[in-house]
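Peer 1: After the structure tokens below, expect a handful of questions from me.
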Amino acid sequence: MARSHHRKKHKQHVQQFKHKGDFAVSKAKGKASYTFLIIGVIVGFLIGYFATNGLVGWMGIGSAAGGVVGYFIGTRIDAGK
């Protein structure tokens, strides 16, 4: 009687991709810290613009402060994932 477990497996080119432990876990596609950084810069810029009637120095400070706050909020959200 034939012993099928001694035979060579068919479709070896396909079987090389079917190993259980060979798959790498991918990281998250996007990070919330970058998104919140950009949103924080925009919001800080707008607050600085409307609060000071367009003074460039205060708009820059508002943008920097908004970016820092947005980045830290985004890192807290990323840590919770």
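Each chain of the structure tokens is named A, B, ... in the order shown, its residues numbered from 1; ligands are numbered from 1 in display order.
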Within 8 Å of stretch 63-78 of chain A, which residues of stretch 27-51 of chain A show up? Give each one with its shortest atom-to-atom distance in Å (one decimal) and the two atoms involved, counting only C-alpha atoms, rows by chain then rising residue number, as CSV.

Peer 2:
residue,atom,partner,partner_atom,distance
A:Lys31,CA,A:Asp78,CA,6.7
A:Ala32,CA,A:Gly74,CA,4.8
A:Ser33,CA,A:Gly74,CA,3.5
A:Tyr34,CA,A:Tyr71,CA,6.6
A:Thr35,CA,A:Gly74,CA,7.3
A:Phe36,CA,A:Gly70,CA,4.6
A:Leu37,CA,A:Gly70,CA,4.5
A:Ile38,CA,A:Gly67,CA,6.6
A:Ile39,CA,A:Gly70,CA,6.9
A:Gly40,CA,A:Gly66,CA,4.3
A:Val41,CA,A:Gly67,CA,4.4
A:Ile42,CA,A:Ser63,CA,6.7
A:Val43,CA,A:Gly66,CA,6.5
A:Gly44,CA,A:Ser63,CA,4.4
A:Phe45,CA,A:Ser63,CA,4.5
A:Gly48,CA,A:Ser63,CA,7.5

Peer 1: Create the file for the chosen residues now, containing all heavy atoms and written as a tab-separated table (two decimals), in the first residue's frame.

Peer 2:
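That gives us selection.tsv:
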chain	number	residue	atom	x	y	z
A	31	LYS	N	0.19	57.77	13.51
A	31	LYS	CA	0.31	58.08	14.92
A	31	LYS	C	-0.55	59.30	15.23
A	31	LYS	O	-0.58	60.27	14.48
A	31	LYS	CB	1.77	58.36	15.29
A	31	LYS	CG	2.63	57.14	15.24
A	31	LYS	CD	3.95	57.43	15.88
A	31	LYS	CE	4.74	56.16	16.00
A	31	LYS	NZ	5.88	56.33	16.88
A	32	ALA	N	-1.22	59.23	16.36
A	32	ALA	CA	-2.09	60.32	16.75
A	32	ALA	C	-1.29	61.56	17.15
A	32	ALA	O	-1.78	62.68	17.04
A	32	ALA	CB	-2.99	59.88	17.91
A	33	SER	N	-0.05	61.36	17.59
A	33	SER	CA	0.74	62.51	18.04
A	33	SER	C	1.01	63.49	16.90
A	33	SER	O	0.96	64.70	17.10
A	33	SER	CB	2.06	62.05	18.66
A	33	SER	OG	2.81	61.29	17.74
A	34	TYR	N	1.26	62.98	15.70
A	34	TYR	CA	1.51	63.87	14.56
A	34	TYR	C	0.23	64.59	14.14
A	34	TYR	O	0.26	65.77	13.79
A	34	TYR	CB	2.08	63.10	13.39
A	34	TYR	CG	3.41	62.46	13.70
A	34	TYR	CD1	3.65	61.13	13.38
A	34	TYR	CD2	4.42	63.17	14.32
A	34	TYR	CE1	4.86	60.54	13.66
A	34	TYR	CE2	5.64	62.59	14.61
A	34	TYR	CZ	5.85	61.27	14.28
A	34	TYR	OH	7.05	60.69	14.58
A	35	THR	N	-0.88	63.88	14.19
A	35	THR	CA	-2.15	64.50	13.82
A	35	THR	C	-2.52	65.60	14.80
A	35	THR	O	-2.90	66.71	14.40
A	35	THR	CB	-3.26	63.43	13.80
A	35	THR	OG1	-2.87	62.38	12.92
A	35	THR	CG2	-4.58	64.03	13.35
A	36	PHE	N	-2.39	65.31	16.09
A	36	PHE	CA	-2.71	66.32	17.09
A	36	PHE	C	-1.71	67.46	17.09
A	36	PHE	O	-2.04	68.59	17.44
A	36	PHE	CB	-2.82	65.69	18.48
A	36	PHE	CG	-4.16	65.05	18.72
A	36	PHE	CD1	-4.39	63.74	18.40
A	36	PHE	CD2	-5.19	65.80	19.27
A	36	PHE	CE1	-5.61	63.16	18.61
A	36	PHE	CE2	-6.42	65.22	19.49
A	36	PHE	CZ	-6.65	63.90	19.16
A	37	LEU	N	-0.46	67.19	16.71
A	37	LEU	CA	0.53	68.25	16.58
A	37	LEU	C	0.10	69.26	15.52
A	37	LEU	O	0.11	70.47	15.76
A	37	LEU	CB	1.89	67.66	16.22
A	37	LEU	CG	2.99	68.65	15.83
A	37	LEU	CD1	3.48	69.37	17.07
A	37	LEU	CD2	4.11	67.93	15.15
A	38	ILE	N	-0.31	68.77	14.37
A	38	ILE	CA	-0.73	69.66	13.28
A	38	ILE	C	-1.99	70.43	13.66
A	38	ILE	O	-2.09	71.64	13.43
A	38	ILE	CB	-0.94	68.84	11.98
A	38	ILE	CG1	0.41	68.29	11.50
A	38	ILE	CG2	-1.60	69.68	10.90
A	38	ILE	CD1	0.31	67.28	10.40
A	39	ILE	N	-2.94	69.72	14.27
A	39	ILE	CA	-4.17	70.39	14.69
A	39	ILE	C	-3.87	71.44	15.76
A	39	ILE	O	-4.43	72.54	15.75
A	39	ILE	CB	-5.20	69.35	15.20
A	39	ILE	CG1	-5.68	68.49	14.02
A	39	ILE	CG2	-6.38	70.03	15.88
A	39	ILE	CD1	-6.53	67.32	14.43
A	40	GLY	N	-2.96	71.12	16.69
A	40	GLY	CA	-2.58	72.07	17.74
A	40	GLY	C	-1.92	73.31	17.18
A	40	GLY	O	-2.17	74.42	17.66
A	41	VAL	N	-1.07	73.14	16.16
A	41	VAL	CA	-0.42	74.29	15.54
A	41	VAL	C	-1.45	75.19	14.87
A	41	VAL	O	-1.42	76.42	15.01
A	41	VAL	CB	0.66	73.84	14.52
A	41	VAL	CG1	1.12	74.99	13.66
A	41	VAL	CG2	1.83	73.21	15.24
A	42	ILE	N	-2.38	74.60	14.19
A	42	ILE	CA	-3.42	75.39	13.50
A	42	ILE	C	-4.30	76.12	14.50
A	42	ILE	O	-4.58	77.32	14.34
A	42	ILE	CB	-4.25	74.48	12.56
A	42	ILE	CG1	-3.37	73.97	11.41
A	42	ILE	CG2	-5.48	75.22	12.03
A	42	ILE	CD1	-4.01	72.90	10.57
A	43	VAL	N	-4.73	75.41	15.53
A	43	VAL	CA	-5.59	76.04	16.54
A	43	VAL	C	-4.83	77.14	17.29
A	43	VAL	O	-5.37	78.22	17.54
A	43	VAL	CB	-6.16	74.97	17.51
A	43	VAL	CG1	-6.84	75.61	18.71
A	43	VAL	CG2	-7.13	74.06	16.78
A	44	GLY	N	-3.57	76.87	17.65
A	44	GLY	CA	-2.77	77.90	18.32
A	44	GLY	C	-2.56	79.12	17.46
A	44	GLY	O	-2.58	80.26	17.95
A	45	PHE	N	-2.34	78.90	16.16
A	45	PHE	CA	-2.19	80.02	15.23
A	45	PHE	C	-3.48	80.85	15.16
A	45	PHE	O	-3.43	82.09	15.20
A	45	PHE	CB	-1.83	79.49	13.84
A	45	PHE	CG	-1.65	80.56	12.81
A	45	PHE	CD1	-0.46	81.27	12.74
A	45	PHE	CD2	-2.66	80.87	11.93
A	45	PHE	CE1	-0.29	82.26	11.78
A	45	PHE	CE2	-2.50	81.86	10.97
A	45	PHE	CZ	-1.31	82.55	10.90
A	48	GLY	N	-3.98	82.80	18.40
A	48	GLY	CA	-3.07	83.94	18.42
A	48	GLY	C	-3.49	85.03	17.45
A	48	GLY	O	-3.35	86.23	17.74
